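J.: Contents are PDB, C-alpha atoms and all ligand atoms; file name run19.pdb:
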ATOM      1  CA  MET A   1      -5.205 -20.933  10.088  1.00  0.00           C
ATOM      2  CA  ARG A   2      -5.510 -17.282  10.987  1.00  0.00           C
ATOM      3  CA  PRO A   3      -6.215 -16.339  14.627  1.00  0.00           C
ATOM      4  CA  ILE A   4      -9.742 -15.142  15.362  1.00  0.00           C
ATOM      5  CA  SER A   5      -8.354 -11.718  16.351  1.00  0.00           C
ATOM      6  CA  THR A   6      -7.210 -11.254  12.759  1.00  0.00           C
ATOM      7  CA  TRP A   7     -10.698 -11.842  11.432  1.00  0.00           C
ATOM      8  CA  ILE A   8     -12.188  -9.518  14.041  1.00  0.00           C
ATOM      9  CA  ALA A   9      -9.680  -6.790  13.177  1.00  0.00           C
ATOM     10  CA  ARG A  10     -10.317  -7.204   9.469  1.00  0.00           C
ATOM     11  CA  GLY A  11     -14.064  -7.238  10.019  1.00  0.00           C
ATOM     12  CA  ALA A  12     -13.858  -4.027  12.028  1.00  0.00           C
ATOM     13  CA  ARG A  13     -11.809  -2.373   9.297  1.00  0.00           C
ATOM     14  CA  THR A  14     -14.274  -3.512   6.648  1.00  0.00           C
ATOM     15  CA  LEU A  15     -17.131  -2.140   8.722  1.00  0.00           C
ATOM     16  CA  LEU A  16     -15.278   1.148   9.020  1.00  0.00           C
ATOM     17  CA  ALA A  17     -14.611   1.172   5.295  1.00  0.00           C
ATOM     18  CA  THR A  18     -18.317   0.812   4.604  1.00  0.00           C
ATOM     19  CA  CYS A  19     -19.010   3.975   6.599  1.00  0.00           C
ATOM     20  CA  LEU A  20     -16.043   6.202   5.859  1.00  0.00           C
ATOM     21  CA  PRO A  21     -13.877   6.870   2.835  1.00  0.00           C
ATOM     22  CA  THR A  22     -10.249   5.829   3.213  1.00  0.00           C
ATOM     23  CA  ALA A  23      -8.180   8.734   4.531  1.00  0.00           C
ATOM     24  CA  ASP A  24      -6.630  10.885   1.821  1.00  0.00           C
ATOM     25  CA  THR A  25      -3.094  12.051   2.623  1.00  0.00           C
ATOM     26  CA  VAL A  26      -0.116  13.677   0.941  1.00  0.00           C
ATOM     27  CA  ARG A  27       1.507  12.257  -2.182  1.00  0.00           C
ATOM     28  CA  GLY A  28       4.999  13.250  -1.054  1.00  0.00           C
ATOM     29  CA  PRO A  29       8.068  13.907  -3.195  1.00  0.00           C
ATOM     30  CA  PHE A  30       8.984  10.347  -4.134  1.00  0.00           C
ATOM     31  CA  TYR A  31       6.157   9.428  -6.510  1.00  0.00           C
ATOM     32  CA  ARG A  32       7.325   8.706 -10.060  1.00  0.00           C
ATOM     33  CA  ARG A  33       4.818   8.687 -12.894  1.00  0.00           C
ATOM     34  CA  GLY A  34       4.674   5.756 -15.295  1.00  0.00           C
ATOM     35  CA  ALA A  35       5.508   2.761 -13.093  1.00  0.00           C
ATOM     36  CA  PRO A  36       5.307  -0.598 -14.905  1.00  0.00           C
ATOM     37  CA  TRP A  37       2.098  -2.638 -14.852  1.00  0.00           C
ATOM     38  CA  ARG A  38       2.807  -5.565 -12.542  1.00  0.00           C
ATOM     39  CA  THR A  39       1.763  -7.198  -9.301  1.00  0.00           C
ATOM     40  CA  ARG A  40       5.317  -8.049  -8.206  1.00  0.00           C
ATOM     41  CA  LEU A  41       7.074  -4.800  -7.384  1.00  0.00           C
ATOM     42  CA  CYS A  42      10.612  -6.140  -7.079  1.00  0.00           C
ATOM     43  CA  PRO A  43      12.803  -9.072  -8.101  1.00  0.00           C
ATOM     44  CA  ILE A  44      12.225 -12.316  -6.225  1.00  0.00           C
ATOM     45  CA  ASP A  45      15.671 -11.954  -4.594  1.00  0.00           C
ATOM     46  CA  GLU A  46      15.075  -8.393  -3.339  1.00  0.00           C
ATOM     47  CA  PRO A  47      16.577  -8.178   0.193  1.00  0.00           C
ATOM     48  CA  GLY A  48      13.996  -7.989   2.961  1.00  0.00           C
ATOM     49  CA  GLU A  49      10.983  -9.853   4.261  1.00  0.00           C
ATOM     50  CA  PRO A  50       8.579 -10.878   1.488  1.00  0.00           C
ATOM     51  CA  LEU A  51       5.212  -9.159   1.762  1.00  0.00           C
ATOM     52  CA  SER A  52       1.845  -9.696   0.131  1.00  0.00           C
ATOM     53  CA  ILE A  53      -0.827  -6.997   0.356  1.00  0.00           C
ATOM     54  CA  SER A  54      -4.374  -7.485  -0.862  1.00  0.00           C
ATOM     55  CA  GLY A  55      -7.771  -5.946  -0.376  1.00  0.00           C
ATOM     56  CA  THR A  56     -11.029  -4.842  -1.940  1.00  0.00           C
ATOM     57  CA  ILE A  57     -11.806  -1.446  -3.416  1.00  0.00           C
ATOM     58  CA  ILE A  58     -15.360  -0.161  -2.970  1.00  0.00           C
ATOM     59  CA  VAL A  59     -17.072   3.117  -3.731  1.00  0.00           C
ATOM     60  CA  LEU A  60     -19.327   5.009  -1.349  1.00  0.00           C
ATOM     61  CA  PRO A  61     -22.130   5.457  -0.623  1.00  0.00           C
ATOM     62  CA  ASP A  62     -23.479   2.156  -1.939  1.00  0.00           C
ATOM     63  CA  CYS A  63     -20.275   0.134  -1.378  1.00  0.00           C
ATOM     64  CA  ARG A  64     -20.142  -1.288  -4.883  1.00  0.00           C
ATOM     65  CA  PRO A  65     -16.862  -3.011  -5.690  1.00  0.00           C
ATOM     66  CA  VAL A  66     -14.791  -0.927  -8.098  1.00  0.00           C
ATOM     67  CA  MET A  67     -13.584  -2.866 -11.110  1.00  0.00           C
ATOM     68  CA  ASP A  68     -10.595  -1.624 -13.112  1.00  0.00           C
ATOM     69  CA  ALA A  69      -9.423   0.895 -10.551  1.00  0.00           C
ATOM     70  CA  VAL A  70      -5.760   1.732 -11.106  1.00  0.00           C
ATOM     71  CA  VAL A  71      -3.645   1.162  -8.017  1.00  0.00           C
ATOM     72  CA  ASP A  72      -0.284   2.931  -8.198  1.00  0.00           C
ATOM     73  CA  VAL A  73       2.101   1.775  -5.448  1.00  0.00           C
ATOM     74  CA  TRP A  74       5.507   3.042  -4.322  1.00  0.00           C
ATOM     75  CA  GLN A  75       7.649   2.226  -1.296  1.00  0.00           C
ATOM     76  CA  THR A  76      11.223   2.083   0.005  1.00  0.00           C
ATOM     77  CA  ASN A  77      13.573  -0.865   0.045  1.00  0.00           C
ATOM     78  CA  THR A  78      14.606  -2.488   3.300  1.00  0.00           C
ATOM     79  CA  ARG A  79      17.227   0.252   3.857  1.00  0.00           C
ATOM     80  CA  GLY A  80      14.624   2.998   3.570  1.00  0.00           C
ATOM     81  CA  LEU A  81      15.579   4.159   0.062  1.00  0.00           C
ATOM     82  CA  TYR A  82      13.233   4.880  -2.836  1.00  0.00           C
ATOM     83  CA  SER A  83      14.301   3.919  -6.339  1.00  0.00           C
ATOM     84  CA  ASN A  84      15.038   6.881  -8.619  1.00  0.00           C
ATOM     85  CA  LEU A  85      15.189   9.128  -5.560  1.00  0.00           C
ATOM     86  CA  PHE A  86      15.884  12.305  -7.538  1.00  0.00           C
ATOM     87  CA  GLY A  87      13.750  11.474 -10.574  1.00  0.00           C
ATOM     88  CA  LEU A  88      16.710  11.603 -12.945  1.00  0.00           C
ATOM     89  CA  ALA A  89      16.890   7.953 -14.019  1.00  0.00           C
ATOM     90  CA  ARG A  90      15.833   6.895 -17.526  1.00  0.00           C
ATOM     91  CA  ARG A  91      12.646   4.846 -17.707  1.00  0.00           C
ATOM     92  CA  SER A  92      14.542   2.153 -19.604  1.00  0.00           C
ATOM     93  CA  ASN A  93      16.607   1.551 -16.465  1.00  0.00           C
ATOM     94  CA  ALA A  94      14.864  -1.397 -14.782  1.00  0.00           C
ATOM     95  CA  ARG A  95      15.985  -0.254 -11.329  1.00  0.00           C
ATOM     96  CA  ALA A  96      14.353   3.152 -11.836  1.00  0.00           C
ATOM     97  CA  PHE A  97      11.000   1.655 -10.884  1.00  0.00           C
ATOM     98  CA  ASN A  98      12.089  -0.938  -8.349  1.00  0.00           C
ATOM     99  CA  LEU A  99       9.460  -1.279  -5.622  1.00  0.00           C
ATOM    100  CA  ARG A 100       6.979   0.666  -7.713  1.00  0.00           C
ATOM    101  CA  GLY A 101       4.156  -0.656  -9.834  1.00  0.00           C
ATOM    102  CA  ARG A 102       0.661  -0.176 -11.183  1.00  0.00           C
ATOM    103  CA  LEU A 103      -2.093  -2.772 -11.159  1.00  0.00           C
ATOM    104  CA  ARG A 104      -5.845  -2.944 -11.677  1.00  0.00           C
ATOM    105  CA  SER A 105      -8.612  -4.212  -9.453  1.00  0.00           C
ATOM    106  CA  ASP A 106     -10.525  -7.243 -10.773  1.00  0.00           C
ATOM    107  CA  ASP A 107     -14.263  -7.768 -11.368  1.00  0.00           C
ATOM    108  CA  ALA A 108     -14.891  -8.033  -7.623  1.00  0.00           C
ATOM    109  CA  GLY A 109     -12.825  -4.927  -6.819  1.00  0.00           C
ATOM    110  CA  ARG A 110      -9.963  -7.005  -5.473  1.00  0.00           C
ATOM    111  CA  TYR A 111      -6.314  -6.123  -5.864  1.00  0.00           C
ATOM    112  CA  GLN A 112      -3.104  -7.788  -4.725  1.00  0.00           C
ATOM    113  CA  PHE A 113       0.624  -7.163  -4.989  1.00  0.00           C
ATOM    114  CA  ASP A 114       3.842  -8.799  -3.821  1.00  0.00           C
ATOM    115  CA  SER A 115       6.749  -6.844  -2.428  1.00  0.00           C
ATOM    116  CA  ILE A 116       8.953  -6.690   0.664  1.00  0.00           C
ATOM    117  CA  VAL A 117       8.358  -5.015   4.027  1.00  0.00           C
ATOM    118  CA  PRO A 118       9.591  -1.430   3.484  1.00  0.00           C
ATOM    119  CA  GLY A 119      12.322   0.210   5.554  1.00  0.00           C
ATOM    120  CA  ARG A 120      12.150   3.434   7.567  1.00  0.00           C
ATOM    121  CA  TYR A 121      13.814   6.688   6.597  1.00  0.00           C
ATOM    122  CA  PRO A 122      14.606   9.980   8.328  1.00  0.00           C
ATOM    123  CA  LEU A 123      12.121  12.829   7.889  1.00  0.00           C
ATOM    124  CA  PHE A 124      13.741  15.776   9.662  1.00  0.00           C
ATOM    125  CA  TRP A 125      15.523  15.632  12.959  1.00  0.00           C
ATOM    126  CA  PRO A 126      14.514  13.995  15.232  1.00  0.00           C
ATOM    127  CA  LEU A 127      11.694  12.309  13.286  1.00  0.00           C
ATOM    128  CA  THR A 128      11.901   9.007  11.459  1.00  0.00           C
ATOM    129  CA  ARG A 129       9.193   7.912   9.071  1.00  0.00           C
ATOM    130  CA  PRO A 130       7.759   4.533  10.127  1.00  0.00           C
ATOM    131  CA  ARG A 131       7.429   1.713   7.613  1.00  0.00           C
ATOM    132  CA  HIS A 132       4.735   2.615   5.102  1.00  0.00           C
ATOM    133  CA  ILE A 133       3.577   2.037   1.535  1.00  0.00           C
ATOM    134  CA  HIS A 134       2.177   4.829  -0.625  1.00  0.00           C
ATOM    135  CA  VAL A 135      -0.908   4.007  -2.672  1.00  0.00           C
ATOM    136  CA  MET A 136      -2.744   6.153  -5.228  1.00  0.00           C
ATOM    137  CA  VAL A 137      -6.067   4.848  -6.539  1.00  0.00           C
ATOM    138  CA  THR A 138      -7.788   6.305  -9.594  1.00  0.00           C
ATOM    139  CA  HIS A 139     -10.976   5.458 -11.460  1.00  0.00           C
ATOM    140  CA  PRO A 140     -13.029   7.629 -13.847  1.00  0.00           C
ATOM    141  CA  GLU A 141     -16.127   7.490 -11.611  1.00  0.00           C
ATOM    142  CA  CYS A 142     -14.332   8.070  -8.307  1.00  0.00           C
ATOM    143  CA  GLU A 143     -12.406  10.777  -6.544  1.00  0.00           C
ATOM    144  CA  ARG A 144      -8.679  10.146  -6.694  1.00  0.00           C
ATOM    145  CA  LEU A 145      -7.326   8.763  -3.436  1.00  0.00           C
ATOM    146  CA  ILE A 146      -3.756   9.001  -2.159  1.00  0.00           C
ATOM    147  CA  THR A 147      -3.069   7.201   1.083  1.00  0.00           C
ATOM    148  CA  GLN A 148      -0.377   5.392   3.025  1.00  0.00           C
ATOM    149  CA  ILE A 149      -0.486   1.900   4.512  1.00  0.00           C
ATOM    150  CA  TYR A 150       1.155   1.670   7.959  1.00  0.00           C
ATOM    151  CA  PHE A 151       1.955  -1.392  10.056  1.00  0.00           C
ATOM    152  CA  GLU A 152       0.852  -2.139  13.586  1.00  0.00           C
ATOM    153  CA  GLY A 153       3.587  -2.199  16.198  1.00  0.00           C
ATOM    154  CA  ASP A 154       5.975   0.239  14.510  1.00  0.00           C
ATOM    155  CA  LYS A 155       7.308   2.366  17.355  1.00  0.00           C
ATOM    156  CA  TYR A 156       7.648   5.374  15.036  1.00  0.00           C
ATOM    157  CA  ASN A 157       3.968   5.438  14.026  1.00  0.00           C
ATOM    158  CA  ARG A 158       2.821   7.750  16.816  1.00  0.00           C
ATOM    159  CA  TRP A 159       5.387  10.423  15.935  1.00  0.00           C
ATOM    160  CA  ASP A 160       4.606  10.450  12.224  1.00  0.00           C
ATOM    161  CA  PRO A 161       2.716  13.552  10.993  1.00  0.00           C
ATOM    162  CA  TRP A 162       0.544  11.480   8.608  1.00  0.00           C
ATOM    163  CA  TRP A 163      -0.013   8.331  10.649  1.00  0.00           C
ATOM    164  CA  LEU A 164      -3.627   7.233  11.142  1.00  0.00           C
ATOM    165  CA  THR A 165      -4.941   4.162  12.903  1.00  0.00           C
ATOM    166  CA  SER A 166      -7.498   3.758  10.112  1.00  0.00           C
ATOM    167  CA  THR A 167      -4.754   3.104   7.559  1.00  0.00           C
ATOM    168  CA  THR A 168      -2.698   0.857   9.823  1.00  0.00           C
ATOM    169  CA  ILE A 169      -2.795  -2.877   9.217  1.00  0.00           C
ATOM    170  CA  ARG A 170      -1.674  -5.923  11.137  1.00  0.00           C
ATOM    171  CA  LEU A 171       0.708  -8.234   9.351  1.00  0.00           C
ATOM    172  CA  GLU A 172       0.538 -11.988   9.672  1.00  0.00           C
ATOM    173  CA  HIS A 173       3.890 -13.724   9.578  1.00  0.00           C
ATOM    174  CA  ASP A 174       4.172 -17.209   8.103  1.00  0.00           C
ATOM    175  CA  ARG A 175       7.448 -19.048   8.439  1.00  0.00           C
ATOM    176  CA  GLU A 176       8.227 -21.519   5.680  1.00  0.00           C
ATOM    177  CA  VAL A 177       9.873 -24.517   7.301  1.00  0.00           C
ATOM    178  CA  ALA A 178      11.892 -25.624   4.259  1.00  0.00           C
ATOM    179  CA  SER A 179      13.543 -22.285   3.519  1.00  0.00           C
ATOM    180  CA  GLY A 180      13.289 -20.743   6.995  1.00  0.00           C
ATOM    181  CA  ARG A 181      12.008 -17.600   5.294  1.00  0.00           C
ATOM    182  CA  THR A 182       9.187 -15.559   6.770  1.00  0.00           C
ATOM    183  CA  THR A 183       6.479 -14.100   4.552  1.00  0.00           C
ATOM    184  CA  SER A 184       4.169 -11.372   5.767  1.00  0.00           C
ATOM    185  CA  THR A 185       0.598 -10.903   4.622  1.00  0.00           C
ATOM    186  CA  GLY A 186      -1.637  -7.890   5.092  1.00  0.00           C
ATOM    187  CA  TYR A 187      -5.115  -6.787   4.062  1.00  0.00           C
ATOM    188  CA  PHE A 188      -6.021  -3.222   3.223  1.00  0.00           C
ATOM    189  CA  ASP A 189      -9.524  -2.457   2.005  1.00  0.00           C
ATOM    190  CA  ILE A 190     -10.065   0.870   0.269  1.00  0.00           C
ATOM    191  CA  ALA A 191     -13.245   2.980   0.132  1.00  0.00           C
ATOM    192  CA  LEU A 192     -13.404   5.661  -2.560  1.00  0.00           C
ATOM    193  CA  ARG A 193     -15.787   8.571  -2.950  1.00  0.00           C
ATOM    194  CA  PHE A 194     -18.100   8.598  -5.955  1.00  0.00           C
ATOM    195  CA  ARG A 195     -17.384  11.413  -8.409  1.00  0.00           C
ATOM    196  CA  ARG A 196     -20.642  12.629  -9.859  1.00  0.00           C
ATOM    197  CA  PHE A 197     -19.188  14.713 -12.656  1.00  0.00           C
ATOM    198  CA  ARG A 198     -16.023  14.171 -14.599  1.00  0.00           C
ATOM    199  CA  LYS A 199     -13.546  16.989 -14.138  1.00  0.00           C
TER     200      LYS A 199
HETATM  201 FE    FE B 201       7.297   7.624   1.954  1.00  0.00          FE
END
Produce structure tokens that represent the structure in this file.
Ligand SMILES: [Fe+2]
T.:
Amino acid sequence: MRPISTWIARGARTLLATCLPTADTVRGPFYRRGAPWRTRLCPIDEPGEPLSISGTIIVLPDCRPVMDAVVDVWQTNTRGLYSNLFGLARRSNARAFNLRGRLRSDDAGRYQFDSIVPGRYPLFWPLTRPRHIHVMVTHPECERLITQIYFEGDKYNRWDPWWLTSTTIRLEHDREVASGRTTSTGYFDIALRFRRFRK
């Protein structure tokens, strides 16, 4: 059972998403084109805390759910490293796209993926990038969106040049009694802008 504060926070975010497009930020240097189509971004035994992210994609101004949007995700491992850091790995190398993946939203605009909680990495002295997940969303009728999902409570958030409260989510932590393993769950709804003319 989720605490009422979680529902209130999610409701507030949804309300915000119905009024404002999700913030568009930088793509950064670690995006790699051609990630595999999958909803699990890493092997089941990937070190780190298991994480499930889900949400609904809508398009403004009428807030229709967006079906078949492509969600391209990339993030670091628990040590703060991206796979294929320098872009030199062959695509046939399975590790070249670890913690990267593409998926599509369903008929109701919903998407979901499984991963691990990402690690932090140094930006330039003295800054450290807080935990975050990069997301690029594309659809023929919508403006392309590139954003980053941040996590509440990360002490490095406030020093990050791209951090926004509007793209920061609260994680719920569920501890499985049998295995003693904790799984984190987060919700991130996305509002796109309608693109009137194809470019
Ligand atoms: Fe990053």
J.: In Å, with one decimal, what is the gap from CA of Ser184 in chain A to CA of Cys63 in chain A?
T.: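 These two atoms are separated by 27.9 Å.
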J.: When you draw a straight line from CA of Leu164 in chain A to CA of Val137 in chain A, how long is it in Å?
T.: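 Distance between the two atoms: 18.0 Å.
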J.: Residues near Gly119 in chain A, anyone? I mean within 6 Å using only C-alpha atoms, not counting same-chain ones fewer than 2 positions away, as a VMD selection string.
T.: chain A and resid 76 to 80 131
J.: Might you spell out which residues the PyMOL selection byres (((not hetatm)) within 8 of (chain B and resi 201)) would select in the displayed file, as number ranges by chain?
T.: A: 28, 30, 74-76, 129, 132-134
J.: Can you pull out the residues contacting Thr167 in chain A? Cut-off 9 Å, using only C-alpha atoms, and skip same-chain residues under 2 positions away; I want them as a list in words.
T.: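 The filter keeps Thr22, Ala23, Thr147, Gln148, Ile149, Tyr150, Phe151, Trp163, Leu164, Thr165, Ile169 and Phe188 of chain A.
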J.: Counting only C-alpha atoms, which residue out of A:Tyr156, A:Ala191, A:Gly48, A:Asp72 sits closest to Pro126 in chain A?
T.: A:Tyr156
J.: Check the smallest atom-to-atom distance from each of A:Trp159, A:Tyr31, A:Tyr111, A:Trp125 to Phe86 in chain A using all atoms listed in the file, then report the winner.
T.: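 Counting all atoms listed in the file, the residue closest to Phe86 in chain A is A:Tyr31.
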